[in-house]
$ cat model37.cif   # mmCIF, C-alpha atoms
data_start
loop_
_atom_site.label_atom_id
_atom_site.label_comp_id
_atom_site.auth_asym_id
_atom_site.auth_seq_id
_atom_site.Cartn_x
_atom_site.Cartn_y
_atom_site.Cartn_z
CA MET A 98 40.02 -24.33 -0.61
CA SER A 99 40.01 -21.27 -2.83
CA HIS A 100 37.27 -20.50 -5.32
CA THR A 101 37.69 -18.71 -8.60
CA GLN A 102 34.91 -16.34 -9.62
CA VAL A 103 34.51 -15.75 -13.33
CA TRP A 104 32.97 -12.47 -14.46
CA ASP A 105 31.06 -12.31 -17.72
CA ILE A 106 31.95 -8.82 -18.93
CA ASP A 107 29.24 -9.01 -21.61
CA GLU A 108 26.45 -9.88 -19.18
CA GLU A 109 23.57 -7.41 -19.00
CA LYS A 110 21.56 -7.53 -15.80
CA LEU A 111 18.86 -4.87 -15.71
CA LEU A 112 16.31 -6.33 -18.11
CA CYS A 113 16.68 -9.87 -16.81
CA HIS A 114 16.14 -8.52 -13.29
CA PHE A 115 12.44 -8.30 -14.18
CA CYS A 116 12.06 -10.71 -17.08
CA LEU A 117 12.61 -14.40 -17.59
CA GLU A 118 14.64 -15.46 -20.61
CA ASP A 119 11.62 -15.83 -22.90
CA GLU A 120 10.22 -12.51 -21.68
CA CYS A 121 13.54 -10.79 -22.42
CA LYS A 122 13.40 -12.15 -25.95
CA GLU A 123 9.84 -10.86 -26.29
CA VAL A 124 10.88 -7.36 -25.19
CA LEU A 125 13.85 -7.29 -27.57
CA SER A 126 11.71 -8.54 -30.47
CA TRP A 127 9.12 -5.86 -29.72
CA PHE A 128 11.93 -3.28 -29.61
CA GLU A 129 13.09 -4.25 -33.09
CA GLU A 130 9.56 -4.55 -34.50
CA LYS A 131 8.90 -0.95 -33.49
CA GLY A 132 11.91 0.08 -35.55
CA TYR A 133 14.29 0.78 -32.67
CA LYS A 134 17.94 -0.14 -32.52
CA ARG A 135 20.13 0.28 -29.49
CA PRO A 136 23.03 2.62 -30.31
CA GLU A 137 26.61 1.88 -29.36
CA VAL A 138 27.49 5.44 -28.37
CA PHE A 139 26.79 6.22 -24.70
CA SER A 140 25.10 9.59 -25.21
CA GLU A 141 22.83 8.20 -27.93
CA ARG A 142 21.78 5.28 -25.75
CA VAL A 143 20.89 7.60 -22.88
CA ALA A 144 18.98 9.89 -25.25
CA LEU A 145 16.97 6.98 -26.70
CA SER A 146 16.26 5.69 -23.21
CA LYS A 147 14.90 9.10 -22.21
CA SER A 148 12.72 9.26 -25.32
CA LEU A 149 11.28 5.80 -24.64
CA ARG A 150 10.65 6.67 -20.99
CA GLU A 151 8.73 9.78 -21.99
CA ALA A 152 6.69 7.75 -24.48
CA SER A 153 5.97 5.25 -21.71
CA ASN A 154 4.70 8.06 -19.48
CA GLU A 155 2.30 9.14 -22.21
CA ARG A 156 0.94 5.60 -22.49
CA VAL A 157 0.37 5.55 -18.74
CA LYS A 158 -1.72 8.70 -19.05
CA GLU A 159 -3.71 6.97 -21.80
CA ALA A 160 -4.14 3.91 -19.54
CA ASP A 161 -2.34 1.71 -22.09
CA ILE A 162 -0.38 -0.04 -19.38
CA ARG A 163 1.02 -2.92 -21.42
CA GLU A 164 2.45 -0.58 -24.05
CA ALA A 165 3.80 1.59 -21.25
CA MET A 166 5.51 -1.43 -19.72
CA MET A 167 7.11 -2.49 -23.00
CA LEU A 168 8.40 1.02 -23.66
CA ALA A 169 9.78 1.30 -20.13
CA LEU A 170 11.52 -2.07 -20.40
CA CYS A 171 13.01 -1.05 -23.74
CA SER A 172 14.17 2.17 -22.12
CA LEU A 173 15.83 0.05 -19.44
CA HIS A 174 17.42 -2.08 -22.16
CA CYS A 175 19.12 1.03 -23.51
CA LEU A 176 20.68 1.70 -20.11
CA ASP A 177 21.68 -1.93 -19.58
CA PHE A 178 25.43 -1.52 -19.93
CA ASN A 179 27.47 -4.65 -19.41
CA LYS A 180 30.41 -4.76 -17.02
CA GLY A 181 32.98 -4.24 -19.73
CA GLN A 182 31.25 -1.07 -20.90
CA SER A 183 30.65 0.25 -17.38
CA VAL A 184 34.34 -0.04 -16.53
CA LEU A 185 35.18 2.25 -19.44
CA HIS A 186 32.64 4.92 -18.47
CA SER A 187 33.86 8.15 -16.97
CA GLU A 188 32.53 9.27 -13.60
CA ASP A 189 30.28 11.79 -15.32
CA GLU A 190 28.86 9.08 -17.57
CA LYS A 191 28.22 6.80 -14.60
CA THR A 192 26.40 9.64 -12.86
CA GLU A 193 24.36 10.37 -15.98
CA ALA A 194 23.38 6.72 -16.35
CA SER A 195 22.38 6.52 -12.69
CA ASP A 196 20.33 9.71 -12.99
CA ALA A 197 18.50 8.20 -15.96
CA ILE A 198 17.85 4.86 -14.27
CA LEU A 199 16.31 6.22 -11.05
CA PRO A 200 13.13 7.79 -12.50
CA LEU A 201 12.76 4.86 -14.88
CA LEU A 202 12.74 2.35 -12.02
CA SER A 203 10.22 4.49 -10.18
CA ASN A 204 7.99 4.49 -13.26
CA LEU A 205 8.39 0.74 -13.69
CA SER A 206 7.35 0.19 -10.09
CA TYR A 207 4.15 2.13 -10.76
CA ILE A 208 3.50 0.35 -14.07
CA PHE A 209 3.96 -3.10 -12.52
CA LEU A 210 1.61 -2.04 -9.73
CA LYS A 211 -1.03 -1.13 -12.32
CA ARG A 212 -0.59 -4.58 -13.84
CA ASN A 213 -1.13 -6.18 -10.41
CA ASP A 214 2.45 -7.44 -10.49
CA SER A 215 3.32 -6.58 -6.91
CA HIS A 216 6.44 -8.76 -7.01
CA ASN A 217 8.14 -6.76 -9.77
CA SER A 218 6.72 -3.50 -8.45
CA VAL A 219 8.55 -4.06 -5.18
CA ARG A 220 11.69 -5.25 -6.99
CA ALA A 221 11.78 -2.13 -9.18
CA ALA A 222 11.45 0.20 -6.20
CA THR A 223 14.01 -1.77 -4.20
CA LEU A 224 16.51 -1.63 -7.05
CA GLY A 225 15.90 2.11 -7.31
CA LEU A 226 16.59 2.51 -3.60
CA THR A 227 19.82 0.54 -4.07
CA TYR A 228 20.88 3.05 -6.72
CA CYS A 229 19.97 5.85 -4.31
CA ASP A 230 22.24 4.31 -1.68
CA ARG A 231 25.10 4.13 -4.16
CA LYS A 232 24.63 7.66 -5.37
CA PRO A 233 26.05 10.41 -3.13
CA GLY A 234 23.53 13.16 -2.66
CA ALA A 235 20.64 11.25 -4.21
CA PRO A 236 17.56 13.50 -4.27
CA ALA A 237 15.42 12.97 -1.19
CA PRO A 238 12.10 13.30 -3.08
CA MET A 239 13.10 10.42 -5.35
CA ARG A 240 13.92 8.24 -2.35
CA ALA A 241 10.55 9.14 -0.83
CA LYS A 242 8.76 8.29 -4.09
CA LEU A 243 10.51 4.93 -4.33
CA LEU A 244 9.66 4.11 -0.70
CA PHE A 245 6.06 5.16 -1.32
CA ARG A 246 5.74 3.01 -4.43
CA ARG A 247 7.39 0.04 -2.77
CA GLY A 248 4.89 0.47 0.06
CA LEU A 249 2.04 0.38 -2.46
CA GLY A 250 3.46 -2.79 -3.99
CA ARG A 251 3.76 -4.42 -0.59
CA CYS A 252 0.21 -3.39 0.26
CA GLN A 253 -0.97 -5.03 -2.93
CA ALA A 254 0.84 -8.19 -1.78
CA LYS A 255 -0.82 -7.79 1.66
CA ASP A 256 2.57 -7.34 3.32
CA PHE A 257 1.21 -4.54 5.48
CA GLU A 258 3.95 -4.52 8.10
CA ASP A 259 6.77 -3.83 5.64
CA ALA A 260 4.51 -1.49 3.67
CA SER A 261 3.92 0.59 6.80
CA ALA A 262 7.67 0.84 7.34
CA ASP A 263 8.08 2.13 3.77
CA PHE A 264 5.29 4.69 4.16
CA ILE A 265 6.76 5.87 7.46
CA GLY A 266 10.17 6.24 5.80
CA ALA A 267 8.62 8.23 2.95
CA ALA A 268 6.65 10.39 5.41
CA ARG A 269 9.81 11.26 7.32
CA ILE A 270 11.33 12.60 4.12
CA MET A 271 8.15 14.38 2.97
CA PRO A 272 6.07 14.98 6.11
CA ASP A 273 3.60 17.30 4.38
CA ASP A 274 2.65 14.88 1.61
CA ARG A 275 -1.00 13.96 2.19
CA GLU A 276 -0.93 11.08 -0.30
CA ILE A 277 1.77 9.33 1.71
CA ARG A 278 -0.05 9.99 4.99
CA ASN A 279 -3.33 8.69 3.61
CA ALA A 280 -1.63 5.57 2.28
CA LEU A 281 -0.11 4.94 5.70
CA GLU A 282 -3.48 5.24 7.43
CA GLU A 283 -5.14 2.94 4.90
CA CYS A 284 -2.30 0.45 5.32
CA LYS A 285 -2.72 0.45 9.10
CA ALA A 286 -6.47 -0.07 8.75
CA ALA A 287 -5.91 -2.95 6.34
CA ALA A 288 -3.40 -4.50 8.75
CA ARG A 289 -5.92 -4.32 11.60
CA LYS A 290 -8.60 -5.92 9.44
CA GLN A 291 -6.20 -8.64 8.35
CA SER A 292 -5.36 -9.37 11.98
CA SER A 293 -9.03 -9.41 12.98
CA ASP A 294 -9.97 -11.71 10.11
CA SER A 295 -7.11 -14.03 11.01
CA HIS A 296 -8.31 -14.29 14.61
CA SER A 297 -11.91 -14.85 13.53
CA LYS A 298 -10.81 -17.67 11.25
CA TRP A 299 -9.36 -19.67 14.13
CA ARG A 300 -11.80 -18.66 16.86
CA GLY A 301 -13.63 -21.71 18.24
CA MET A 302 -11.63 -24.29 16.30
CA MET A 303 -10.60 -26.07 19.52
CA THR A 304 -13.93 -25.65 21.36
CA THR A 305 -16.42 -28.48 22.02
CA GLY A 306 -20.07 -28.30 20.97
CA THR A 307 -21.42 -27.46 24.46
CA ASP A 308 -18.77 -24.82 25.03
CA LYS A 309 -19.54 -23.31 21.66
CA LEU A 310 -23.22 -22.97 22.63
CA LYS A 311 -22.28 -21.36 25.94
CA ALA A 312 -19.90 -18.96 24.25
CA SER A 313 -22.51 -18.11 21.65
CA ALA A 314 -25.09 -17.47 24.39
CA ARG A 315 -22.68 -15.21 26.26
CA ARG A 316 -21.94 -13.23 23.12
CA PHE A 317 -25.68 -12.91 22.41
CA TYR A 318 -26.36 -11.78 26.00
CA LYS A 319 -23.59 -9.18 25.90
CA ARG A 320 -24.74 -7.89 22.53
CA ALA A 321 -28.35 -7.68 23.72
CA ARG A 322 -27.35 -5.79 26.88
CA ARG A 323 -25.28 -3.36 24.86
CA GLN A 324 -28.10 -2.75 22.40
CA MET A 325 -30.59 -2.31 25.26
CA ARG A 326 -28.36 0.25 26.98
CA GLU A 327 -27.99 2.16 23.75
CA ALA A 328 -31.74 2.09 23.18
CA MET A 329 -32.52 3.21 26.74
CA ALA A 330 -29.95 6.00 26.52
CA GLY A 331 -31.68 7.34 23.47
CA MET A 332 -35.13 7.02 25.04
CA ALA A 333 -34.35 8.27 28.57
CA GLU A 334 -35.91 11.71 28.25
CA PRO A 335 -39.06 10.61 26.34
CA LEU A 336 -39.69 7.85 28.91
CA LEU A 337 -39.36 10.29 31.80
CA PHE A 338 -41.91 12.61 30.22
CA LEU A 339 -44.29 9.70 29.58
CA ALA A 340 -43.95 8.53 33.18
CA ILE A 341 -44.81 12.00 34.49
CA VAL A 342 -47.87 12.23 32.25
CA LEU A 343 -49.16 8.80 33.29
CA LEU A 344 -48.39 9.05 37.00
CA ALA A 345 -49.44 12.67 37.59
CA PRO A 346 -53.18 11.87 38.02
CA LEU A 347 -52.40 9.00 40.36
CA ILE A 348 -50.11 11.17 42.46
CA ALA A 349 -52.70 13.97 42.57
CA GLY A 350 -55.42 11.52 43.67
CA ALA A 351 -53.19 10.09 46.37
CA VAL A 352 -52.40 13.58 47.68
CA ASN A 353 -56.12 14.51 47.81
CA PHE A 354 -56.95 11.29 49.64
CA LEU A 355 -54.18 11.94 52.15
CA LEU A 356 -55.38 15.49 52.79
CA LYS A 357 -58.99 14.33 53.38
CA TRP A 358 -57.79 11.61 55.71
CA LEU A 359 -55.76 14.11 57.72
CA LYS A 360 -58.76 16.48 58.00
CA GLY A 361 -60.91 13.63 59.25
CA LYS A 362 -58.36 12.75 61.89
CA ALA A 363 -58.19 16.38 63.01
CA ARG A 364 -61.95 16.42 63.75
#

$ encode --input "model37.cif" --output "structure tokens"
Amino acid sequence: MSHTQVWDIDEEKLLCHFCLEDECKEVLSWFEEKGYKRPEVFSERVALSKSLREASNERVKEADIREAMMLALCSLHCLDFNKGQSVLHSEDEKTEASDAILPLLSNLSYIFLKRNDSHNSVRAATLGLTYCDRKPGAPAPMRAKLLFRRGLGRCQAKDFEDASADFIGAARIMPDDREIRNALEECKAAARKQSSDSHSKWRGMMTTGTDKLKASARRFYKRARRQMREAMAGMAEPLLFLAIVLLAPLIAGAVNFLLKWLKGKAR
């Protein structure tokens, strides 16, 4: 049985990739309230998008993250060409639009991360990486940045395994970047702690009361032995000196007694 797929040539997908319907309406209302209007001409839309992205970057520097997010989403709205428009774009225009979208998605990933929205942070970076895959000769540093930011988003979501894979991918592209290396090490440490905490949570759940006491006693005994060894190791030299000081008179007395006894025997 054949299926017919209907394409909505007027459908715009970028903004709704991150926003629900009501949220999209909120962004568009904010866009209009600020006095903006999306142009029809391609070059003007790209120019406005760039201007909004730069304004968003300034808000990030000022730590006004919500304003930065709204500006970035409005910038994305300007680049949200529907299918009918995209078909009419020249190859140069498609390349220009792609070049404008990549840094914007990277910025959005960072902004969402700052808002503790790990879900959309990861989605923004993943979408950016999809654009990288589609774009021949996509700049390697941008791919590394997107992998790095997706890793940060996954770390925030406590998905340390996938985050490590992203950091490793970014490190392969930029092996000298200390920020990426440090993030990878912190991610590995967090993964180990998560694993340890998980094991501790379930330890002893299936053990009876008597067995629990025995296990607790064994752990206490092992810990005490370890602490005693450490203490003795640190005190070995002082104890030896003290023993010599205390035993020296006794040894000297014993030697004198032995010498006198031998002299008496010789007579």

$ residues_around --input "model37.cif" --residues "A:Cys121" --least-positions-apart "4" --cutoff "10 Å" --atoms "only C-alpha atoms" --output "ChimeraX atom specification"
/A:112-117,125-127,170-171,174

$ resolve_selection --input "model37.cif" --expression "the PyMOL selection byres ((chain A and resi 199) around 9)" --output "PyMOL selection string"
chain A and resi 194-198+200-204+224-226+228-229+239+243

$ residues_around --input "model37.cif" --residues "A:Ala260" --least-positions-apart "2" --cutoff "8 Å" --atoms "only C-alpha atoms" --output "mmCIF file with C-alpha atoms, keeping the file's coordinate frame"
data_model
loop_
_atom_site.group_PDB
_atom_site.id
_atom_site.type_symbol
_atom_site.label_atom_id
_atom_site.label_comp_id
_atom_site.auth_asym_id
_atom_site.auth_seq_id
_atom_site.Cartn_x
_atom_site.Cartn_y
_atom_site.Cartn_z
ATOM 1 C CA ARG A 247 7.390 0.040 -2.770
ATOM 2 C CA GLY A 248 4.890 0.470 0.060
ATOM 3 C CA LEU A 249 2.040 0.380 -2.460
ATOM 4 C CA GLY A 250 3.460 -2.790 -3.990
ATOM 5 C CA ARG A 251 3.760 -4.420 -0.590
ATOM 6 C CA CYS A 252 0.210 -3.390 0.260
ATOM 7 C CA ASP A 256 2.570 -7.340 3.320
ATOM 8 C CA PHE A 257 1.210 -4.540 5.480
ATOM 9 C CA GLU A 258 3.950 -4.520 8.100
ATOM 10 C CA ALA A 262 7.670 0.840 7.340
ATOM 11 C CA ASP A 263 8.080 2.130 3.770
ATOM 12 C CA PHE A 264 5.290 4.690 4.160
ATOM 13 C CA CYS A 284 -2.300 0.450 5.320
#

$ residues_around --input "model37.cif" --residues "A:Ser172" --least-positions-apart "3" --cutoff "6 Å" --atoms "all atoms listed in the file" --output "list in words"
Ser146, Leu149, Arg150, Ala169 and Cys175 of chain A

$ atom_distance --input "model37.cif" --atom1 "atom CA of A:Asn179" --atom2 "atom CA of A:Glu109"
4.8 Å
